[in-house]
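Shown below: coords.csv, with CSV, N, CA and C atoms.
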chain,number,residue,atom,x,y,z
E,695,MET,N,0.9,-1.2,0.0
E,695,MET,CA,0.0,0.0,0.0
E,695,MET,C,0.9,1.2,0.0
E,696,ALA,N,0.6,2.2,-0.9
E,696,ALA,CA,1.4,3.4,-1.0
E,696,ALA,C,1.1,4.3,0.2
E,697,ARG,N,2.1,5.0,0.7
E,697,ARG,CA,2.0,5.9,1.8
E,697,ARG,C,1.5,7.2,1.4
E,698,ASP,N,0.5,7.7,2.1
E,698,ASP,CA,-0.1,9.0,1.8
E,698,ASP,C,0.9,10.1,2.2
E,699,PRO,N,1.3,11.0,1.2
E,699,PRO,CA,2.3,12.0,1.6
E,699,PRO,C,1.8,13.0,2.6
E,700,ASP,N,0.5,13.1,2.7
E,700,ASP,CA,0.0,14.1,3.7
E,700,ASP,C,-0.2,13.5,5.1
E,701,ASP,N,0.1,12.2,5.2
E,701,ASP,CA,0.0,11.4,6.5
E,701,ASP,C,1.3,11.3,7.1
E,702,ASP,N,1.5,12.1,8.2
E,702,ASP,CA,2.9,12.2,8.8
E,702,ASP,C,3.0,11.2,10.0
E,703,ASP,N,2.0,10.5,10.3
E,703,ASP,CA,2.1,9.5,11.5
E,703,ASP,C,2.0,8.1,11.1
E,704,GLY,N,1.9,7.8,9.8
E,704,GLY,CA,1.8,6.4,9.3
E,704,GLY,C,0.4,5.8,9.4
E,705,GLU,N,-0.5,6.5,9.9
E,705,GLU,CA,-1.9,5.9,10.0
E,705,GLU,C,-2.7,6.6,8.9
E,706,ALA,N,-3.6,5.9,8.3
E,706,ALA,CA,-4.4,6.4,7.2
E,706,ALA,C,-5.2,7.7,7.7
E,707,GLY,N,-4.8,8.8,7.1
E,707,GLY,CA,-5.5,10.1,7.4
E,707,GLY,C,-5.3,10.7,8.7
E,708,GLY,N,-4.6,10.0,9.6
E,708,GLY,CA,-4.4,10.4,11.0
E,708,GLY,C,-3.6,11.7,11.1
E,709,GLY,N,-2.5,11.8,10.3
E,709,GLY,CA,-1.7,13.0,10.4
E,709,GLY,C,-2.4,14.2,9.8
E,710,ARG,N,-3.1,14.0,8.7
E,710,ARG,CA,-3.9,15.0,8.0
E,710,ARG,C,-5.0,15.5,9.0
E,711,GLU,N,-5.7,14.6,9.6
E,711,GLU,CA,-6.8,14.9,10.5
E,711,GLU,C,-6.3,15.8,11.7
E,712,GLU,N,-5.2,15.4,12.2
E,712,GLU,CA,-4.6,16.2,13.4
E,712,GLU,C,-4.2,17.5,12.9
E,713,ARG,N,-3.6,17.7,11.7
E,713,ARG,CA,-3.2,19.0,11.2
E,713,ARG,C,-4.4,19.9,11.0
E,714,ILE,N,-5.5,19.3,10.5
E,714,ILE,CA,-6.7,20.1,10.3
E,714,ILE,C,-7.2,20.6,11.6
E,715,ALA,N,-7.3,19.6,12.6
E,715,ALA,CA,-7.8,20.0,13.9
E,715,ALA,C,-6.9,21.0,14.6
E,716,ALA,N,-5.6,20.9,14.5
E,716,ALA,CA,-4.7,21.8,15.1
E,716,ALA,C,-4.9,23.2,14.5
E,717,ASN,N,-5.0,23.3,13.2
E,717,ASN,CA,-5.2,24.6,12.5
E,717,ASN,C,-6.6,25.2,13.0
E,718,LEU,N,-7.6,24.4,13.1
E,718,LEU,CA,-8.9,25.0,13.5
E,718,LEU,C,-8.8,25.5,15.0
E,719,ARG,N,-8.2,24.7,15.8
E,719,ARG,CA,-8.0,25.1,17.2
E,719,ARG,C,-7.2,26.4,17.3
E,720,LYS,N,-6.1,26.5,16.6
E,720,LYS,CA,-5.3,27.6,16.6
E,720,LYS,C,-6.1,28.9,16.2
E,721,GLY,N,-6.9,28.8,15.2
E,721,GLY,CA,-7.7,30.0,14.8
E,721,GLY,C,-8.8,30.3,15.8
E,722,LEU,N,-9.2,29.4,16.6
E,722,LEU,CA,-10.4,29.6,17.5
E,722,LEU,C,-10.0,29.8,18.9
E,723,LEU,N,-8.8,29.6,19.3
E,723,LEU,CA,-8.3,29.6,20.7
E,723,LEU,C,-8.6,31.0,21.3
E,724,GLU,N,-8.3,32.0,20.6
E,724,GLU,CA,-8.5,33.4,21.2
E,724,GLU,C,-9.9,33.6,21.6
E,725,HIS,N,-10.8,33.2,20.7
E,725,HIS,CA,-12.2,33.4,21.0
E,725,HIS,C,-12.8,32.5,22.0
E,726,CYS,N,-12.2,31.3,22.1
E,726,CYS,CA,-12.6,30.4,23.2
E,726,CYS,C,-12.2,30.9,24.6
E,727,VAL,N,-11.0,31.6,24.6
E,727,VAL,CA,-10.6,32.2,25.9
E,727,VAL,C,-11.5,33.3,26.2
E,728,LEU,N,-11.9,34.2,25.3
E,728,LEU,CA,-12.8,35.3,25.5
E,728,LEU,C,-14.2,34.7,26.0
E,729,ALA,N,-14.6,33.6,25.4
E,729,ALA,CA,-15.9,33.0,25.8
E,729,ALA,C,-15.8,32.5,27.3
E,730,LEU,N,-14.7,31.9,27.7
E,730,LEU,CA,-14.6,31.5,29.1
E,730,LEU,C,-14.6,32.7,30.0
E,731,LEU,N,-13.9,33.7,29.6
E,731,LEU,CA,-13.8,34.9,30.5
E,731,LEU,C,-15.1,35.7,30.5
E,732,ALA,N,-16.0,35.5,29.5
E,732,ALA,CA,-17.3,36.1,29.6
E,732,ALA,C,-18.1,35.5,30.7
E,733,ARG,N,-17.9,34.3,31.0
E,733,ARG,CA,-18.6,33.6,32.1
E,733,ARG,C,-18.2,34.1,33.5
E,734,ARG,N,-16.8,34.2,33.6
E,734,ARG,CA,-16.3,34.7,34.9
E,734,ARG,C,-14.8,34.9,34.8
E,735,ASP,N,-14.2,35.6,35.7
E,735,ASP,CA,-12.7,35.8,35.7
E,735,ASP,C,-12.0,34.5,36.0
E,736,HIS,N,-10.8,34.3,35.4
E,736,HIS,CA,-10.0,33.1,35.6
E,736,HIS,C,-8.6,33.5,35.8
E,737,TYR,N,-7.8,32.6,36.5
E,737,TYR,CA,-6.4,32.8,36.5
E,737,TYR,C,-5.8,31.9,35.4
E,738,GLY,N,-4.6,32.1,35.0
E,738,GLY,CA,-4.0,31.5,33.8
E,738,GLY,C,-4.1,30.0,33.7
E,739,LEU,N,-3.6,29.4,34.8
E,739,LEU,CA,-3.6,27.9,34.8
E,739,LEU,C,-5.0,27.3,34.7
E,740,GLU,N,-5.9,28.0,35.4
E,740,GLU,CA,-7.3,27.5,35.4
E,740,GLU,C,-7.8,27.6,33.9
E,741,LEU,N,-7.6,28.7,33.2
E,741,LEU,CA,-8.0,28.8,31.8
E,741,LEU,C,-7.3,27.7,31.0
E,742,ALA,N,-6.0,27.5,31.1
E,742,ALA,CA,-5.3,26.5,30.4
E,742,ALA,C,-5.8,25.1,30.6
E,743,ASP,N,-6.0,24.8,31.9
E,743,ASP,CA,-6.6,23.4,32.2
E,743,ASP,C,-7.9,23.2,31.6
E,744,ASP,N,-8.8,24.2,31.6
E,744,ASP,CA,-10.1,24.1,31.0
E,744,ASP,C,-10.0,23.9,29.5
E,745,LEU,N,-9.2,24.7,28.8
E,745,LEU,CA,-9.0,24.5,27.4
E,745,LEU,C,-8.4,23.2,27.0
E,746,VAL,N,-7.4,22.7,27.7
E,746,VAL,CA,-6.8,21.4,27.5
E,746,VAL,C,-7.9,20.3,27.7
E,747,GLY,N,-8.6,20.4,28.8
E,747,GLY,CA,-9.7,19.5,29.1
E,747,GLY,C,-10.7,19.4,28.0
E,748,ARG,N,-11.0,20.5,27.3
E,748,ARG,CA,-12.0,20.5,26.3
E,748,ARG,C,-11.4,20.1,24.9
E,749,GLY,N,-10.1,19.9,24.9
E,749,GLY,CA,-9.5,19.5,23.6
E,749,GLY,C,-9.3,20.7,22.7
E,750,LEU,N,-9.3,21.9,23.3
E,750,LEU,CA,-9.2,23.1,22.4
E,750,LEU,C,-7.8,23.7,22.3
E,751,THR,N,-6.9,23.1,23.1
E,751,THR,CA,-5.4,23.4,22.9
E,751,THR,C,-4.7,22.2,23.4
E,752,ALA,N,-3.5,22.0,22.9
E,752,ALA,CA,-2.7,20.9,23.2
E,752,ALA,C,-1.9,21.1,24.5
E,753,SER,N,-1.6,22.3,24.9
E,753,SER,CA,-0.8,22.6,26.0
E,753,SER,C,-1.0,23.9,26.7
E,754,GLU,N,-0.6,24.1,27.9
E,754,GLU,CA,-0.7,25.4,28.6
E,754,GLU,C,0.1,26.4,27.9
E,755,GLY,N,1.2,26.0,27.3
E,755,GLY,CA,2.2,26.9,26.8
E,755,GLY,C,1.7,27.8,25.7
E,756,SER,N,0.6,27.5,25.0
E,756,SER,CA,0.0,28.4,24.0
E,756,SER,C,-0.9,29.4,24.6
E,757,VAL,N,-1.3,29.2,25.8
E,757,VAL,CA,-2.3,30.1,26.4
E,757,VAL,C,-1.7,31.4,27.0
E,758,TYR,N,-0.6,31.3,27.6
E,758,TYR,CA,0.0,32.5,28.2
E,758,TYR,C,0.4,33.6,27.2
E,759,PRO,N,1.1,33.2,26.1
E,759,PRO,CA,1.4,34.3,25.1
E,759,PRO,C,0.1,34.9,24.6
E,760,LEU,N,-1.0,34.1,24.4
E,760,LEU,CA,-2.2,34.6,23.9
E,760,LEU,C,-2.8,35.6,24.9
E,761,LEU,N,-2.8,35.2,26.2
E,761,LEU,CA,-3.3,36.1,27.2
E,761,LEU,C,-2.6,37.4,27.2
E,762,ALA,N,-1.3,37.4,27.0
E,762,ALA,CA,-0.5,38.6,27.0
E,762,ALA,C,-0.9,39.5,25.8
E,763,ARG,N,-1.1,38.8,24.6
E,763,ARG,CA,-1.6,39.6,23.4
E,763,ARG,C,-2.9,40.2,23.6
E,764,LEU,N,-3.8,39.4,24.3
E,764,LEU,CA,-5.2,40.0,24.5
E,764,LEU,C,-5.1,41.1,25.5
E,765,ARG,N,-4.2,41.0,26.5
E,765,ARG,CA,-4.0,42.2,27.4
E,765,ARG,C,-3.5,43.4,26.7
E,766,ASP,N,-2.5,43.2,25.9
E,766,ASP,CA,-1.9,44.3,25.1
E,766,ASP,C,-2.9,44.9,24.2
E,767,ALA,N,-3.8,44.1,23.7
E,767,ALA,CA,-4.9,44.7,22.7
E,767,ALA,C,-6.0,45.3,23.5
E,768,GLY,N,-6.1,45.2,24.8
E,768,GLY,CA,-7.1,45.8,25.6
E,768,GLY,C,-8.4,44.9,25.7
E,769,ALA,N,-8.3,43.6,25.3
E,769,ALA,CA,-9.4,42.8,25.3
E,769,ALA,C,-9.6,42.2,26.7
E,770,VAL,N,-8.5,42.1,27.5
E,770,VAL,CA,-8.6,41.6,28.9
E,770,VAL,C,-7.8,42.5,29.8
E,771,GLU,N,-8.2,42.5,31.0
E,771,GLU,CA,-7.4,43.2,32.0
E,771,GLU,C,-7.0,42.2,33.1
E,772,THR,N,-6.0,42.5,33.9
E,772,THR,CA,-5.5,41.6,34.9
E,772,THR,C,-5.5,42.2,36.3
E,773,ARG,N,-5.5,41.4,37.3
E,773,ARG,CA,-5.4,41.8,38.7
E,773,ARG,C,-4.7,40.6,39.4
E,774,TRP,N,-3.9,41.0,40.4
E,774,TRP,CA,-3.3,40.0,41.3
E,774,TRP,C,-4.2,39.7,42.5
E,775,GLU,N,-4.5,38.5,42.8
E,775,GLU,CA,-5.3,38.2,43.9
E,775,GLU,C,-4.8,37.0,44.7
E,776,SER,N,-4.8,37.1,46.0
E,776,SER,CA,-4.4,35.9,46.9
E,776,SER,C,-5.6,35.5,47.7
E,777,LEU,N,-6.0,34.3,47.6
E,777,LEU,CA,-7.1,33.8,48.4
E,777,LEU,C,-6.6,32.8,49.4
E,778,ASP,N,-7.1,32.9,50.7
E,778,ASP,CA,-6.7,32.0,51.7
E,778,ASP,C,-5.2,31.8,51.9
E,779,GLY,N,-4.4,32.8,51.8
E,779,GLY,CA,-3.0,32.7,52.0
E,779,GLY,C,-2.2,32.0,50.9
E,780,VAL,N,-2.9,31.6,49.8
E,780,VAL,CA,-2.3,31.0,48.7
E,780,VAL,C,-1.5,32.1,48.0
E,781,ARG,N,-0.4,31.7,47.3
E,781,ARG,CA,0.4,32.7,46.6
E,781,ARG,C,-0.5,33.4,45.6
E,782,PRO,N,-0.2,34.7,45.4
E,782,PRO,CA,-1.0,35.5,44.5
E,782,PRO,C,-1.1,34.9,43.1
E,783,ARG,N,-2.3,35.0,42.5
E,783,ARG,CA,-2.5,34.5,41.1
E,783,ARG,C,-2.9,35.7,40.3
E,784,ARG,N,-2.5,35.7,39.0
E,784,ARG,CA,-3.0,36.8,38.1
E,784,ARG,C,-4.3,36.3,37.5
E,785,TYR,N,-5.3,37.1,37.8
E,785,TYR,CA,-6.7,36.8,37.2
E,785,TYR,C,-6.9,37.7,36.0
E,786,TYR,N,-7.6,37.1,35.0
E,786,TYR,CA,-7.9,37.8,33.8
E,786,TYR,C,-9.4,38.0,33.7
E,787,ALA,N,-9.8,39.2,33.3
E,787,ALA,CA,-11.2,39.6,33.2
E,787,ALA,C,-11.4,40.2,31.8
E,788,LEU,N,-12.6,40.0,31.3
E,788,LEU,CA,-12.9,40.5,30.0
E,788,LEU,C,-13.2,42.0,30.1
E,789,THR,N,-12.8,42.8,29.1
E,789,THR,CA,-13.1,44.2,29.1
E,789,THR,C,-14.2,44.5,28.1
E,790,THR,N,-14.7,45.7,28.0
E,790,THR,CA,-15.7,46.0,27.0
E,790,THR,C,-15.2,45.7,25.6
E,791,THR,N,-14.0,46.0,25.4
E,791,THR,CA,-13.4,45.7,24.0
E,791,THR,C,-13.4,44.2,23.8
E,792,GLY,N,-13.1,43.4,24.8
E,792,GLY,CA,-13.1,41.9,24.7
E,792,GLY,C,-14.5,41.4,24.4
E,793,ARG,N,-15.5,42.0,25.1
E,793,ARG,CA,-16.9,41.6,24.9
E,793,ARG,C,-17.4,41.9,23.5
E,794,GLU,N,-17.0,43.1,23.0
E,794,GLU,CA,-17.3,43.5,21.7
E,794,GLU,C,-16.7,42.5,20.6
E,795,GLN,N,-15.4,42.2,20.9
E,795,GLN,CA,-14.7,41.2,20.0
E,795,GLN,C,-15.4,39.9,20.0
E,796,LEU,N,-15.8,39.4,21.2
E,796,LEU,CA,-16.5,38.1,21.3
E,796,LEU,C,-17.9,38.1,20.6
E,797,SER,N,-18.6,39.2,20.8
E,797,SER,CA,-19.9,39.4,20.1
E,797,SER,C,-19.7,39.3,18.6
E,798,THR,N,-18.8,40.0,18.1
E,798,THR,CA,-18.5,40.0,16.6
E,798,THR,C,-18.2,38.6,16.2
E,799,PHE,N,-17.2,38.0,16.9
E,799,PHE,CA,-16.8,36.6,16.5
E,799,PHE,C,-18.1,35.7,16.5
E,800,THR,N,-18.9,35.8,17.6
E,800,THR,CA,-20.0,34.9,17.7
E,800,THR,C,-21.0,35.0,16.5
E,801,ARG,N,-21.2,36.2,16.1
E,801,ARG,CA,-22.1,36.5,14.9
E,801,ARG,C,-21.5,35.9,13.7
E,802,VAL,N,-20.2,36.2,13.4
E,802,VAL,CA,-19.5,35.7,12.2
E,802,VAL,C,-19.4,34.2,12.3
E,803,TRP,N,-19.1,33.6,13.4
E,803,TRP,CA,-19.0,32.1,13.6
E,803,TRP,C,-20.3,31.5,13.2
E,804,ARG,N,-21.4,32.0,13.7
E,804,ARG,CA,-22.7,31.3,13.5
E,804,ARG,C,-23.0,31.4,12.0
E,805,GLN,N,-22.8,32.5,11.3
E,805,GLN,CA,-23.1,32.6,9.9
E,805,GLN,C,-22.2,31.7,9.1
E,806,THR,N,-20.9,31.7,9.4
E,806,THR,CA,-19.9,30.9,8.7
E,806,THR,C,-20.1,29.4,8.9
E,807,SER,N,-20.3,29.0,10.2
E,807,SER,CA,-20.5,27.6,10.4
E,807,SER,C,-21.8,27.0,9.8
E,808,ASP,N,-22.8,27.9,9.8
E,808,ASP,CA,-24.1,27.5,9.1
E,808,ASP,C,-23.8,27.2,7.6
E,809,GLN,N,-23.1,28.1,7.0
E,809,GLN,CA,-22.8,27.9,5.6
E,809,GLN,C,-21.9,26.7,5.3
E,810,VAL,N,-20.9,26.5,6.1
E,810,VAL,CA,-20.1,25.3,6.0
E,810,VAL,C,-20.9,24.0,6.2
E,811,ASP,N,-21.8,24.0,7.2
E,811,ASP,CA,-22.6,22.8,7.4
E,811,ASP,C,-23.5,22.6,6.2
E,812,LYS,N,-24.1,23.6,5.6
E,812,LYS,CA,-24.9,23.4,4.5
E,812,LYS,C,-24.1,22.9,3.3
E,813,LEU,N,-23.0,23.4,3.1
E,813,LEU,CA,-22.1,22.9,2.0
E,813,LEU,C,-21.7,21.5,2.2
E,814,LEU,N,-21.4,21.1,3.4
E,814,LEU,CA,-21.0,19.7,3.7
E,814,LEU,C,-22.2,18.7,3.6
E,815,GLU,N,-23.4,19.2,3.8
E,815,GLU,CA,-24.6,18.4,3.6
E,815,GLU,C,-24.8,18.0,2.2
E,816,GLU,N,-24.2,18.8,1.3
E,816,GLU,CA,-24.4,18.6,-0.2
E,816,GLU,C,-23.5,17.5,-0.7
E,817,ILE,N,-22.6,17.1,0.1
E,817,ILE,CA,-21.7,16.0,-0.5
E,817,ILE,C,-22.1,14.6,-0.1
Can you give me the file's structure in the form of structure tokens?
Amino acid sequence: MARDPDDDDGEAGGGREERIAANLRKGLLEHCVLALLARRDHYGLELADDLVGRGLTASEGSVYPLLARLRDAGAVETRWESLDGVRPRRYYALTTTGREQLSTFTRVWRQTSDQVDKLLEEI
């Protein structure tokens, strides 16, 4: 059987599937972070663990640079908080700019995903 050049892990379609999933997650991660912060404030590791648990990112390492970019863009703000004598944690909260960004993403996502679903139903 010939090896698929797009398959980098030796299993039929496995490498291609993982690349597609990774690209989708990469493009959506910022908005998933904003969605979690719209529910309540989180500290960094808490956000990372939630995203990893949902399969939306492969590691914590991708979350912290994203949080820094969101802070620099004014989409999130931070504060240091220590609860019950535990070392201080940096909490992230959504700003008005972040809420507007999430609202725009949500509208575009719903329109786009509906169109993609319709297209895929045709095959």
**Message:** Report, in Å with one decimal, the straight-line distance from atom CA of E:Ala732 to atom CA of E:Val802.
**Reply:**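 Here the two named atoms are 17.5 Å from each other.
Across the model, the gap from atom CA of E:Arg765 to atom N of E:Gly792 is 9.5 Å.
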**Prompt:** What is the atom C of E:His736-atom N of E:Pro782 distance in Å, reported with one decimal?
**Reply:**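 Atom N of E:Pro782 lies at a distance of 12.8 Å from atom C of E:His736.
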**Message:** Using only C-alpha atoms for the distances, tell me which of E:Cys726, E:Leu814, E:Leu745, E:Val757 is nearest to E:Thr800.
**Reply:**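 Of all the options, E:Cys726 lies closest to E:Thr800.
Among the candidates E:Gly747, E:Gly708, E:Gly721, E:Gly738, the one nearest to E:Ala787 when counting only C-alpha atoms is E:Gly738.
The residue that comes closest to E:Leu761, out of E:Leu739, E:Glu711, E:Leu796, E:Thr790 and on the basis of only C-alpha atoms, is E:Leu739.
Candidate residues E:Phe799, E:Tyr758, E:Tyr737, E:Trp774 were compared for distance to E:Tyr786, and the nearest is E:Tyr737, using only C-alpha atoms.
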**Request:** Please return as a ChimeraX atom specification: the residues of chain E that backbone DSSP assigns to strand (DSSP E or B).
**Result:** /E:736-737,770-775,783-788
**Request:** Write down as a VMD selection string the residues belonging to stretch 772-802 of chain E that are assigned helix (DSSP H, G or I) by DSSP computed on the backbone.
**Result:** chain E and resid 790 to 802
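Between E:Leu723 and the candidates E:Glu740, E:Asp735, E:Glu815, E:Ser756, the tightest atom-to-atom separation, counting only C-alpha atoms, involves E:Ser756.
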